[in-house]
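**Student:** What follows is the file query_25.cif, containing mmCIF, C-alpha atoms:
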data_coords
#
loop_
_atom_site.label_atom_id
_atom_site.label_comp_id
_atom_site.auth_asym_id
_atom_site.auth_seq_id
_atom_site.Cartn_x
_atom_site.Cartn_y
_atom_site.Cartn_z
CA MET P 1 28.23 -37.78 22.27
CA SER P 2 28.03 -38.31 18.51
CA THR P 3 24.99 -38.17 16.29
CA TYR P 4 23.80 -39.94 13.19
CA ASP P 5 20.97 -39.41 10.73
CA ALA P 6 18.26 -41.80 9.64
CA LEU P 7 15.84 -41.27 6.78
CA ILE P 8 12.19 -42.18 7.24
CA ASP P 9 9.87 -42.32 4.25
CA GLY P 10 7.41 -39.44 4.04
CA THR P 11 4.74 -41.94 3.04
CA ASP P 12 4.83 -43.75 6.41
CA ASP P 13 2.01 -43.13 8.87
CA LEU P 14 2.63 -41.89 12.39
CA ASP P 15 2.47 -45.36 13.99
CA GLN P 16 5.15 -46.63 11.62
CA ILE P 17 7.29 -43.52 12.11
CA ASN P 18 7.13 -44.04 15.89
CA LEU P 19 8.03 -47.73 15.55
CA GLN P 20 11.08 -46.90 13.42
CA ILE P 21 12.21 -44.25 15.92
CA HIS P 22 11.63 -46.65 18.82
CA ARG P 23 13.65 -49.38 17.12
CA GLN P 24 16.63 -47.02 16.89
CA GLU P 25 16.16 -45.85 20.49
CA LYS P 26 16.17 -49.43 21.73
CA ALA P 27 19.52 -49.70 19.97
CA ALA P 28 21.30 -47.21 22.26
CA SER P 29 20.07 -44.07 20.51
CA GLN P 30 18.02 -41.05 21.46
CA PHE P 31 15.81 -38.98 19.18
CA LEU P 32 17.07 -35.40 18.79
CA ARG P 33 15.12 -33.77 15.95
CA SER P 34 13.62 -34.28 12.52
CA LEU P 35 13.85 -32.24 9.36
CA VAL P 36 12.06 -32.53 6.03
CA ILE P 37 14.72 -32.68 3.33
CA PRO P 38 14.71 -33.39 -0.40
CA GLU P 39 16.42 -36.77 -0.74
CA ASN P 40 16.98 -37.58 -4.40
CA ASN P 41 14.28 -35.01 -5.09
CA VAL P 42 11.81 -36.81 -2.84
CA PRO P 43 10.73 -35.04 0.36
CA THR P 44 11.86 -37.24 3.24
CA ASN P 45 12.08 -37.08 7.04
CA GLN P 46 15.69 -36.90 8.19
CA VAL P 47 15.77 -37.86 11.86
CA THR P 48 18.88 -37.15 13.92
CA PHE P 49 19.75 -39.41 16.85
CA ASP P 50 22.30 -39.12 19.64
CA ARG P 51 24.37 -42.26 20.15
CA LEU P 52 24.11 -43.50 23.73
CA LYS P 53 26.68 -45.72 25.45
CA ALA P 54 26.69 -49.21 23.92
CA GLY P 55 24.32 -51.51 25.75
CA THR P 56 22.01 -48.68 26.87
CA VAL P 57 18.33 -48.95 26.00
CA GLY P 58 17.16 -45.40 25.32
CA LYS P 59 13.92 -43.89 26.61
CA LEU P 60 11.23 -43.91 23.96
CA THR P 61 10.21 -40.70 22.21
CA THR P 62 6.63 -40.59 20.96
CA ILE P 63 5.71 -38.29 18.10
CA VAL P 64 2.19 -36.93 18.40
CA LYS P 65 0.18 -34.79 15.98
CA ASP P 66 -0.38 -31.30 17.35
CA GLY P 67 -3.76 -31.21 19.02
CA ASP P 68 -3.61 -34.85 20.11
CA PRO P 69 -3.09 -35.51 23.84
CA GLN P 70 0.38 -35.64 25.38
CA PRO P 71 1.28 -39.19 26.51
CA PRO P 72 1.12 -39.40 30.32
CA GLY P 73 4.38 -39.15 32.25
CA THR P 74 6.27 -37.45 29.41
CA GLN P 75 7.65 -34.03 28.64
CA LYS P 76 8.03 -32.18 25.37
CA VAL P 77 11.46 -32.72 23.82
CA TRP P 78 10.95 -31.39 20.30
CA SER P 79 8.34 -29.88 18.02
CA GLY P 80 8.33 -29.26 14.31
CA VAL P 81 6.95 -30.50 11.02
CA MET P 82 7.21 -34.04 9.67
CA LEU P 83 5.91 -35.73 6.57
CA VAL P 84 3.22 -38.10 7.82
CA SER P 85 1.41 -40.19 5.17
CA ASN P 86 2.89 -37.70 2.67
CA ASN P 87 1.37 -34.67 4.38
CA GLN P 88 3.26 -31.86 6.07
CA THR P 89 2.12 -32.33 9.66
CA ALA P 90 2.78 -30.24 12.75
CA VAL P 91 4.00 -32.67 15.40
CA THR P 92 5.52 -32.75 18.88
CA GLY P 93 7.91 -35.30 20.38
CA TYR P 94 7.38 -36.38 24.00
CA ARG P 95 9.63 -38.50 26.17
CA ALA P 96 9.69 -39.63 29.79
CA PRO P 97 12.04 -37.40 31.84
CA MET Q 98 -0.39 -29.63 -62.07
CA HIS Q 99 -3.62 -28.35 -60.51
CA ALA Q 100 -4.61 -31.91 -59.73
CA THR Q 101 -1.34 -32.54 -57.90
CA ARG Q 102 -1.71 -29.34 -55.80
CA ALA Q 103 -5.25 -30.32 -54.91
CA LEU Q 104 -4.05 -33.75 -53.83
CA VAL Q 105 -1.30 -32.24 -51.68
CA ARG Q 106 -3.78 -29.80 -50.14
CA SER Q 107 -6.17 -32.65 -49.41
CA ALA Q 108 -3.43 -34.74 -47.86
CA VAL Q 109 -2.25 -31.89 -45.62
CA LEU Q 110 -5.84 -31.22 -44.55
CA LEU Q 111 -6.25 -34.91 -43.85
CA ALA Q 112 -3.12 -34.74 -41.73
CA LEU Q 113 -4.25 -31.71 -39.76
CA THR Q 114 -7.83 -32.85 -39.15
CA PRO Q 115 -7.03 -35.18 -36.25
CA LEU Q 116 -4.94 -32.41 -34.68
CA ALA Q 117 -7.87 -29.99 -34.76
CA LEU Q 118 -10.11 -32.68 -33.32
CA VAL Q 119 -7.73 -33.34 -30.44
CA ALA Q 120 -7.39 -29.64 -29.61
CA CYS Q 121 -11.15 -29.06 -29.68
CA ALA Q 122 -12.13 -32.23 -27.93
CA THR Q 123 -9.92 -31.90 -24.86
CA GLY Q 124 -9.87 -28.17 -24.14
CA SER Q 125 -7.29 -28.95 -21.47
CA LYS Q 126 -3.55 -29.42 -21.33
CA PRO Q 127 -2.33 -32.93 -22.16
CA GLY Q 128 -1.67 -34.86 -18.95
CA PHE Q 129 -3.52 -32.28 -16.86
CA PRO Q 130 -7.24 -32.78 -16.22
CA MET Q 131 -9.50 -29.74 -16.39
CA GLN Q 132 -9.34 -27.69 -13.18
CA SER Q 133 -12.63 -27.27 -11.37
CA VAL Q 134 -11.69 -23.62 -10.86
CA ASP Q 135 -9.94 -21.09 -13.06
CA ASP Q 136 -6.49 -20.44 -11.59
CA LEU Q 137 -6.07 -17.11 -13.35
CA LYS Q 138 -9.46 -15.87 -12.17
CA GLN Q 139 -8.67 -16.94 -8.62
CA ILE Q 140 -5.36 -15.08 -8.71
CA GLU Q 141 -7.09 -11.92 -9.95
CA GLU Q 142 -9.77 -12.17 -7.27
CA LEU Q 143 -7.27 -12.80 -4.49
CA GLU Q 144 -5.15 -9.86 -5.56
CA LYS Q 145 -8.18 -7.60 -5.21
CA ARG Q 146 -9.22 -8.80 -1.73
CA THR Q 147 -9.47 -5.98 0.79
CA ASP Q 148 -11.28 -7.68 3.68
CA PHE Q 149 -8.04 -8.78 5.32
CA ILE Q 150 -4.53 -7.42 5.50
CA THR Q 151 -2.58 -8.24 2.37
CA LYS Q 152 -0.37 -5.20 1.92
CA LEU Q 153 2.83 -4.46 3.80
CA THR Q 154 1.80 -0.79 4.07
CA GLU Q 155 -1.15 -1.87 6.22
CA TYR Q 156 1.05 -3.80 8.64
CA ASN Q 157 2.29 -2.19 11.83
CA PHE Q 158 5.93 -3.30 12.02
CA ALA Q 159 6.38 -1.36 15.29
CA SER Q 160 3.83 -3.59 16.98
CA GLU Q 161 4.01 -7.06 15.43
CA ASN Q 162 0.77 -9.00 15.40
CA LYS Q 163 0.47 -12.77 14.86
CA SER Q 164 -2.93 -12.73 13.16
CA ALA Q 165 -2.08 -9.89 10.75
CA ARG Q 166 1.30 -11.49 10.01
CA ASN Q 167 -0.32 -14.82 9.19
CA GLN Q 168 -2.91 -13.13 6.96
CA ILE Q 169 -0.15 -11.59 4.86
CA ILE Q 170 1.87 -14.81 4.74
CA ASN Q 171 -1.16 -16.96 3.90
CA HIS Q 172 -2.28 -14.60 1.16
CA ARG Q 173 1.13 -14.66 -0.46
CA LEU Q 174 1.49 -18.42 -0.06
CA VAL Q 175 -1.80 -19.07 -1.85
CA LEU Q 176 -0.91 -16.69 -4.67
CA MET Q 177 2.54 -18.25 -5.04
CA ASP Q 178 1.05 -21.75 -5.18
CA LEU Q 179 -1.53 -20.76 -7.79
CA GLN Q 180 1.11 -19.06 -9.95
CA TYR Q 181 3.49 -22.00 -9.55
CA ASN Q 182 0.81 -24.52 -10.53
CA ARG Q 183 -0.08 -22.49 -13.62
CA TRP Q 184 3.56 -22.14 -14.58
CA VAL Q 185 4.41 -25.83 -14.11
CA SER Q 186 1.33 -27.07 -15.94
CA ASN Q 187 2.00 -24.65 -18.82
CA PHE Q 188 5.59 -25.56 -19.57
CA ALA Q 189 5.17 -29.24 -18.74
CA SER Q 190 2.18 -29.51 -21.04
CA ASP Q 191 3.85 -27.57 -23.86
CA LYS Q 192 6.22 -30.43 -24.52
CA GLN Q 193 3.42 -32.98 -24.42
CA THR Q 194 1.37 -30.80 -26.77
CA ILE Q 195 4.26 -30.62 -29.21
CA ASP Q 196 4.77 -34.37 -29.01
CA THR Q 197 1.10 -35.13 -29.54
CA VAL Q 198 0.67 -32.56 -32.30
CA THR Q 199 3.71 -33.61 -34.28
CA ASP Q 200 2.92 -37.29 -33.94
CA ILE Q 201 -0.55 -36.68 -35.33
CA ILE Q 202 0.72 -34.51 -38.20
CA VAL Q 203 3.34 -37.09 -39.14
CA LEU Q 204 0.77 -39.86 -38.99
CA GLY Q 205 -1.59 -37.83 -41.15
CA LEU Q 206 1.06 -36.96 -43.71
CA ASN Q 207 2.16 -40.56 -44.00
CA LEU Q 208 -1.43 -41.66 -44.43
CA GLY Q 209 -1.86 -38.92 -47.05
CA ALA Q 210 1.25 -40.04 -48.89
CA THR Q 211 -0.13 -43.56 -49.03
CA ALA Q 212 -3.58 -42.39 -50.12
CA VAL Q 213 -2.53 -40.15 -53.01
CA GLY Q 214 -1.05 -41.34 -56.21
CA GLY Q 215 2.08 -40.23 -58.02
CA ALA Q 216 5.69 -40.63 -56.96
CA GLY Q 217 6.33 -36.85 -56.92
CA THR Q 218 3.45 -36.14 -54.55
CA LYS Q 219 4.51 -38.96 -52.25
CA THR Q 220 8.04 -37.58 -52.14
CA LEU Q 221 6.73 -34.10 -51.32
CA LEU Q 222 4.49 -35.33 -48.51
CA SER Q 223 7.29 -37.47 -47.11
CA ALA Q 224 9.55 -34.41 -47.15
CA ILE Q 225 6.96 -32.40 -45.18
CA SER Q 226 6.64 -35.30 -42.77
CA GLY Q 227 10.42 -35.38 -42.34
CA GLY Q 228 10.48 -31.64 -41.74
CA VAL Q 229 7.88 -31.91 -38.99
CA VAL Q 230 9.85 -34.68 -37.29
CA GLY Q 231 13.00 -32.59 -37.60
CA SER Q 232 11.30 -29.58 -36.00
CA LYS Q 233 10.10 -31.72 -33.16
CA LEU Q 234 13.60 -33.04 -32.50
CA ALA Q 235 14.97 -29.49 -32.52
CA ILE Q 236 12.35 -28.37 -29.97
CA ASP Q 237 13.05 -31.38 -27.79
CA LYS Q 238 16.78 -30.79 -27.72
CA ASN Q 239 17.05 -27.02 -27.69
CA VAL Q 240 14.13 -25.83 -25.65
CA TYR Q 241 13.41 -28.49 -23.09
CA TYR Q 242 16.75 -30.24 -22.80
CA GLU Q 243 14.98 -33.50 -23.49
CA LYS Q 244 13.88 -35.12 -20.26
CA THR Q 245 15.33 -32.66 -17.77
CA VAL Q 246 12.02 -30.89 -17.34
CA SER Q 247 10.50 -33.68 -15.28
CA ALA Q 248 13.66 -33.92 -13.14
CA LEU Q 249 13.59 -30.17 -12.53
CA VAL Q 250 9.90 -30.22 -11.60
CA ALA Q 251 10.57 -33.05 -9.16
CA ALA Q 252 13.46 -31.08 -7.65
CA MET Q 253 11.37 -27.91 -7.44
CA ASN Q 254 8.47 -29.72 -5.77
CA ALA Q 255 10.78 -31.28 -3.20
CA GLN Q 256 12.54 -27.95 -2.55
CA ARG Q 257 9.23 -26.16 -2.15
CA LYS Q 258 8.03 -28.71 0.38
CA ALA Q 259 11.24 -28.30 2.39
CA ALA Q 260 11.07 -24.48 2.11
CA LEU Q 261 7.46 -24.53 3.33
CA VAL Q 262 8.45 -26.13 6.64
CA PRO Q 263 10.04 -23.04 8.30
CA ILE Q 264 7.05 -20.95 7.18
CA LEU Q 265 4.54 -23.37 8.71
CA GLU Q 266 6.63 -23.61 11.87
CA GLY Q 267 7.00 -19.81 12.00
CA MET Q 268 3.28 -19.19 11.63
CA ARG Q 269 2.70 -21.19 14.81
CA LYS Q 270 5.03 -18.89 16.75
CA ASP Q 271 4.30 -15.52 18.32
CA ALA Q 272 4.91 -12.40 16.27
CA GLU Q 273 7.93 -11.46 18.38
CA GLU Q 274 9.52 -14.86 17.87
CA TYR Q 275 8.76 -14.96 14.15
CA PRO Q 276 8.39 -11.38 12.91
CA LEU Q 277 6.92 -10.65 9.49
CA GLY Q 278 10.38 -9.79 8.18
CA ARG Q 279 11.48 -13.39 8.82
CA GLY Q 280 8.30 -14.65 7.22
CA LEU Q 281 8.91 -12.55 4.10
CA ALA Q 282 12.48 -13.84 3.86
CA ASP Q 283 11.18 -17.43 4.15
CA LEU Q 284 8.52 -16.69 1.52
CA ASP Q 285 11.28 -15.46 -0.75
CA SER Q 286 13.15 -18.75 -0.24
CA TYR Q 287 9.90 -20.61 -0.95
CA TYR Q 288 9.50 -18.68 -4.20
CA ARG Q 289 13.10 -19.32 -5.26
CA ALA Q 290 12.72 -23.03 -4.47
CA GLY Q 291 10.11 -23.14 -7.24
CA THR Q 292 12.38 -21.84 -9.98
CA PHE Q 293 14.66 -23.64 -12.41
CA LEU Q 294 17.65 -21.91 -10.83
CA GLY Q 295 16.58 -23.00 -7.35
CA ALA Q 296 16.13 -26.57 -8.55
CA LEU Q 297 19.56 -26.65 -10.20
CA GLN Q 298 21.22 -25.20 -7.10
CA ALA Q 299 19.46 -27.81 -4.94
CA ILE Q 300 20.58 -30.65 -7.19
CA GLN Q 301 24.17 -29.36 -6.99
CA ALA Q 302 23.96 -28.85 -3.21
CA ASP Q 303 22.47 -32.32 -2.74
CA ALA Q 304 25.39 -33.82 -4.63
CA GLY Q 305 27.82 -31.74 -2.55
CA VAL Q 306 26.30 -32.85 0.75
CA LYS Q 307 26.41 -36.49 -0.30
CA GLU Q 308 30.05 -36.14 -1.28
CA GLN Q 309 30.88 -34.43 2.01
CA GLN Q 310 29.07 -37.11 3.99
CA LYS Q 311 30.95 -39.76 2.12
CA ASN Q 312 34.19 -38.00 2.97
CA ASN Q 313 33.33 -37.63 6.65
CA GLU Q 314 31.89 -41.12 6.88
CA ILE Q 315 28.87 -39.81 8.72
CA LEU Q 316 26.44 -42.58 9.43
CA ARG Q 317 23.26 -42.00 7.44
CA LEU Q 318 20.73 -44.77 7.48
CA ARG Q 319 17.68 -45.36 5.35
CA LEU Q 320 15.15 -46.92 7.69
CA THR Q 321 12.54 -49.38 6.48
CA ARG Q 322 9.26 -50.59 7.92
CA VAL Q 323 9.54 -52.39 11.25
CA THR Q 324 7.22 -54.25 13.60
CA LYS Q 325 6.85 -54.21 17.37
CA ALA Q 326 8.79 -57.51 17.39
CA ASP Q 327 11.72 -55.75 15.67
CA VAL Q 328 11.67 -53.07 18.37
CA ASP Q 329 11.69 -55.72 21.13
CA GLU Q 330 14.50 -57.59 19.40
CA ALA Q 331 16.64 -54.43 19.27
CA GLU Q 332 16.19 -54.08 23.02
CA GLN Q 333 17.19 -57.71 23.57
CA LEU Q 334 20.34 -57.34 21.45
CA THR Q 335 21.29 -54.04 23.12
CA LYS Q 336 20.90 -55.53 26.59
CA SER Q 337 23.08 -58.47 25.58
CA ILE Q 338 25.78 -56.01 24.46
CA GLY Q 339 25.53 -54.32 27.86
CA ASP Q 340 26.04 -57.68 29.57
CA LEU Q 341 28.95 -58.74 27.35
CA ASN Q 342 32.28 -59.13 29.14
CA ASP Q 343 34.18 -61.33 26.70
CA GLU Q 344 36.11 -59.19 24.22
CA ALA Q 345 37.15 -62.16 22.05
CA LYS Q 346 33.57 -63.36 21.72
CA GLY Q 347 32.49 -59.86 20.66
CA LYS Q 348 35.28 -59.63 18.08
CA LYS Q 349 34.34 -63.00 16.65
CA ALA Q 350 30.76 -61.83 16.22
CA LEU Q 351 31.89 -58.63 14.55
CA ASN Q 352 34.14 -60.55 12.17
CA ALA Q 353 31.24 -62.83 11.30
CA LEU Q 354 29.27 -59.69 10.44
CA GLY Q 355 32.10 -58.54 8.14
CA VAL Q 356 33.51 -55.84 10.44
CA ASP Q 357 37.26 -55.22 10.68
CA THR Q 358 38.19 -55.36 14.39
CA THR Q 359 41.92 -54.63 14.20
CA ALA Q 360 41.51 -51.15 15.75
CA MET Q 361 39.18 -52.41 18.49
CA ASP Q 362 41.66 -52.96 21.30
CA THR Q 363 39.31 -52.68 24.30
CA LEU Q 364 36.03 -54.31 25.36
CA ASP Q 365 34.25 -50.93 25.16
CA LYS Q 366 35.33 -50.47 21.54
CA VAL Q 367 34.09 -53.97 20.70
CA LYS Q 368 30.78 -53.18 22.37
CA ASP Q 369 30.56 -49.91 20.39
CA GLY Q 370 31.15 -51.90 17.21
CA LEU Q 371 28.43 -54.40 18.04
CA GLN Q 372 25.99 -51.66 18.98
CA GLU Q 373 26.61 -49.87 15.71
CA GLU Q 374 25.80 -53.07 13.82
CA VAL Q 375 22.47 -53.30 15.65
CA ARG Q 376 21.69 -49.66 14.77
CA LYS Q 377 22.65 -50.21 11.13
CA ALA Q 378 20.51 -53.32 10.74
CA THR Q 379 17.77 -51.47 8.87
CA THR Q 380 16.54 -54.30 6.67
CA SER Q 381 14.83 -57.48 7.85
CA ALA Q 382 17.54 -59.57 6.17
CA ARG Q 383 20.34 -57.77 8.03
CA ARG Q 384 18.42 -57.90 11.31
CA ALA Q 385 18.06 -61.69 10.94
CA GLU Q 386 21.79 -61.95 10.18
CA VAL Q 387 22.77 -59.91 13.25
CA LYS Q 388 20.47 -61.93 15.48
CA LYS Q 389 21.87 -65.21 14.13
CA VAL Q 390 25.47 -64.14 14.78
CA PHE Q 391 24.60 -62.93 18.29
CA THR Q 392 22.94 -66.29 18.95
CA ASP Q 393 25.70 -68.40 17.35
CA GLU Q 394 28.37 -66.57 19.38
CA GLN Q 395 26.23 -66.93 22.51
CA ILE Q 396 26.14 -63.21 23.08
CA LEU Q 397 22.37 -63.11 23.12
CA ASN Q 398 22.10 -65.80 25.81
CA GLU Q 399 24.85 -64.51 28.00
#
Show the structure stored in the file as structure tokens.

**Tutor:**
Amino acid sequence: MSTYDALIDGTDDLDQINLQIHRQEKAASQFLRSLVIPENNVPTNQVTFDRLKAGTVGKLTTIVKDGDPQPPGTQKVWSGVMLVSNNQTAVTGYRAP
Amino acid sequence: MHATRALVRSAVLLALTPLALVACATGSKPGFPMQSVDDLKQIEELEKRTDFITKLTEYNFASENKSARNQIINHRLVLMDLQYNRWVSNFASDKQTIDTVTDIIVLGLNLGATAVGGAGTKTLLSAISGGVVGSKLAIDKNVYYEKTVSALVAAMNAQRKAALVPILEGMRKDAEEYPLGRGLADLDSYYRAGTFLGALQAIQADAGVKEQQKNNEILRLRLTRVTKADVDEAEQLTKSIGDLNDEAKGKKALNALGVDTTAMDTLDKVKDGLQEEVRKATTSARRAEVKKVFTDEQILNE
């Protein structure tokens, strides 16, 4: 399985970040991890996705701020730090098994 | 002769008066508002704190402890940030100070040259004015490499934010998983990220990574804002790719989207190509284009 990277603006709020991740996952992708990187000297979220078989709608990963409740029927798939509304934020990714 | 000297003295004083006024009136660095607290005083106070563990000699490395580890890391992080802020505001404001000061002196000298009489005096004041401008240019070029300072600060800020991430992540972990030694190494990286050398290395590395990615043709997308409707549309398009069983129809759609299909000799490869186009449709314009082609080629309705 191959991967690809997608950059998400550090200024986006969590709802928008989740929508952008979901859009990619609906396009035969699965969220793997995110990393804050300097892109052209601007801190940016670099999200890595696995490519799924063409025509496959991936399960949705939901990024939640640490301390907020885990979405029901999901399990933790990743945790780390993302730029959310331009703030370093401790977050966890949950996805249905 | 005395009269001329007095005129020159008056003109120079006239030139320097606005400068003195600016310096006294602001009391802060140009472009930087007055801090509500004194950075230097805070640094001194923090360095003297004894009510929590700040020294490595007080830390028991044989029995790592999360709370004590985080106290040391936090203490050093705050000190580093205060020092960094002081350093950045000092050298960034120096250039602005020089610019402001020289502009005012030049303005004053030119005004003085206009105000006083005598061709000789005017020539002398103009010469001083020219000298000040010349000094300013020399400072700009030799000391601050013209506009590179702002680029370096931007690079340092970005590097520091990235270098802060492993520290923040580490501080959430248990002491065994993230021992103080790791934390100190990460703090060292954080410090180096906020130096000119660190910024230059990052700029070079960034260029290297981009070149490598170009060479490897790794897909790297820049996502833009989307709506729930965009998410639903991606699902619709993906499902239609899953249902596709006409290779020729798929190739026609790919060609319409500007994709070379000569190497796509199976239905699966065509489907992969179509799926990649859906993934890569990161702008609303491209998404509309992909949807139109899928509709025109009757892939979406299949």

**Student:** What are the centre and edge lengths in Å, to one decimal, of the axis-aligned box around all listed atoms of region 246-259 of chain Q with 6 Å added on each side, as JSON?

**Tutor:**
{"center_x": 10.8, "center_y": -30.0, "center_z": -7.5, "size_x": 17.6, "size_y": 19.8, "size_z": 31.7}

**Student:** Counting only C-alpha atoms, which residues of chain Q come no farther than 8 Å from chain P, as number ranges by chain?

**Tutor:** Q: 251-252, 254-256, 258-259, 262, 265-266, 300, 303, 315-325, 327-329, 331-332, 334-340, 365, 368-369, 372, 375-376

**Student:** How far is it from CA of Leu176 (chain Q) to CA of Val84 (chain P), in Å with one decimal?

**Tutor:**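 Atom-to-atom, CA of Leu176 (chain Q) to CA of Val84 (chain P), that is 25.1 Å.
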
**Student:** Mind giving me the straight-line distance from CA of Leu153 (chain Q) to CA of Leu294 (chain Q) in Å, one decimal?

**Tutor:**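 That distance, rounded to one decimal, is 27.2 Å.
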
**Student:** Distance CA of Val64 (chain P)-CA of Gly93 (chain P), one decimal place?

**Tutor:**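 For CA of Val64 (chain P) relative to CA of Gly93 (chain P), the distance reads 6.3 Å.
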
**Student:** Specify as JSON, numbers by chain each residue included when the PyMOL selection byres ((chain Q and resi 159) around 12) is applied to this file.

**Tutor:** {"Q": [155, 156, 157, 158, 160, 161, 162, 272, 273, 276, 277, 278]}

**Student:** Provide region 23-80 of chain P of the preceding structure as a file containing C-alpha atoms, as a short mmCIF file (atom, residue, chain, number, x, y, z; two decimals), in the first residue's frame.

**Tutor:**
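Written file, result28.cif:
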data_model
loop_
_atom_site.label_atom_id
_atom_site.label_comp_id
_atom_site.auth_asym_id
_atom_site.auth_seq_id
_atom_site.Cartn_x
_atom_site.Cartn_y
_atom_site.Cartn_z
CA ARG P 23 -12.90 14.26 1.96
CA GLN P 24 -9.63 12.43 1.31
CA GLU P 25 -10.85 9.30 3.12
CA LYS P 26 -13.99 9.22 0.99
CA ALA P 27 -11.60 9.21 -1.97
CA ALA P 28 -10.11 5.78 -1.17
CA SER P 29 -7.64 6.98 1.45
CA GLN P 30 -7.03 6.33 5.12
CA PHE P 31 -5.54 8.73 7.65
CA LEU P 32 -2.19 7.51 9.01
CA ARG P 33 -0.60 10.37 10.95
CA SER P 34 0.01 14.10 11.05
CA LEU P 35 3.15 16.11 11.61
CA VAL P 36 3.73 19.83 12.07
CA ILE P 37 6.31 20.90 9.52
CA PRO P 38 7.68 24.23 8.34
CA GLU P 39 6.34 24.63 4.81
CA ASN P 40 7.90 27.67 3.16
CA ASN P 41 8.68 28.82 6.68
CA VAL P 42 5.05 28.57 7.72
CA PRO P 43 4.14 25.90 10.29
CA THR P 44 1.71 23.54 8.58
CA ASN P 45 0.02 20.19 9.26
CA GLN P 46 1.39 17.48 6.98
CA VAL P 47 -1.09 14.61 6.99
CA THR P 48 -0.06 11.23 5.60
CA PHE P 49 -2.69 8.97 4.05
CA ASP P 50 -2.60 5.35 2.92
CA ARG P 51 -4.02 4.78 -0.55
CA LEU P 52 -6.83 2.23 -0.49
CA LYS P 53 -7.96 0.17 -3.49
CA ALA P 54 -9.64 2.39 -6.09
CA GLY P 55 -13.37 2.58 -5.52
CA THR P 56 -13.10 1.96 -1.76
CA VAL P 57 -14.71 4.48 0.57
CA GLY P 58 -12.46 4.65 3.62
CA LYS P 59 -13.68 4.67 7.22
CA LEU P 60 -13.71 8.16 8.65
CA THR P 61 -11.09 9.25 11.17
CA THR P 62 -12.18 11.94 13.60
CA ILE P 63 -9.59 14.17 15.23
CA VAL P 64 -10.56 15.19 18.75
CA LYS P 65 -8.85 17.60 21.15
CA ASP P 66 -7.36 15.77 24.12
CA GLY P 67 -9.84 15.91 26.96
CA ASP P 68 -12.87 15.90 24.66
CA PRO P 69 -14.95 12.70 24.57
CA GLN P 70 -14.07 9.81 22.26
CA PRO P 71 -16.68 9.39 19.49
CA PRO P 72 -18.82 6.32 20.20
CA GLY P 73 -17.98 3.10 18.37
CA THR P 74 -14.41 4.15 17.56
CA GLN P 75 -10.92 3.24 18.66
CA LYS P 76 -7.79 5.32 18.97
CA VAL P 77 -5.66 5.17 15.83
CA TRP P 78 -3.21 8.02 16.39
CA SER P 79 -2.32 10.75 18.85
CA GLY P 80 -0.02 13.71 18.54
#
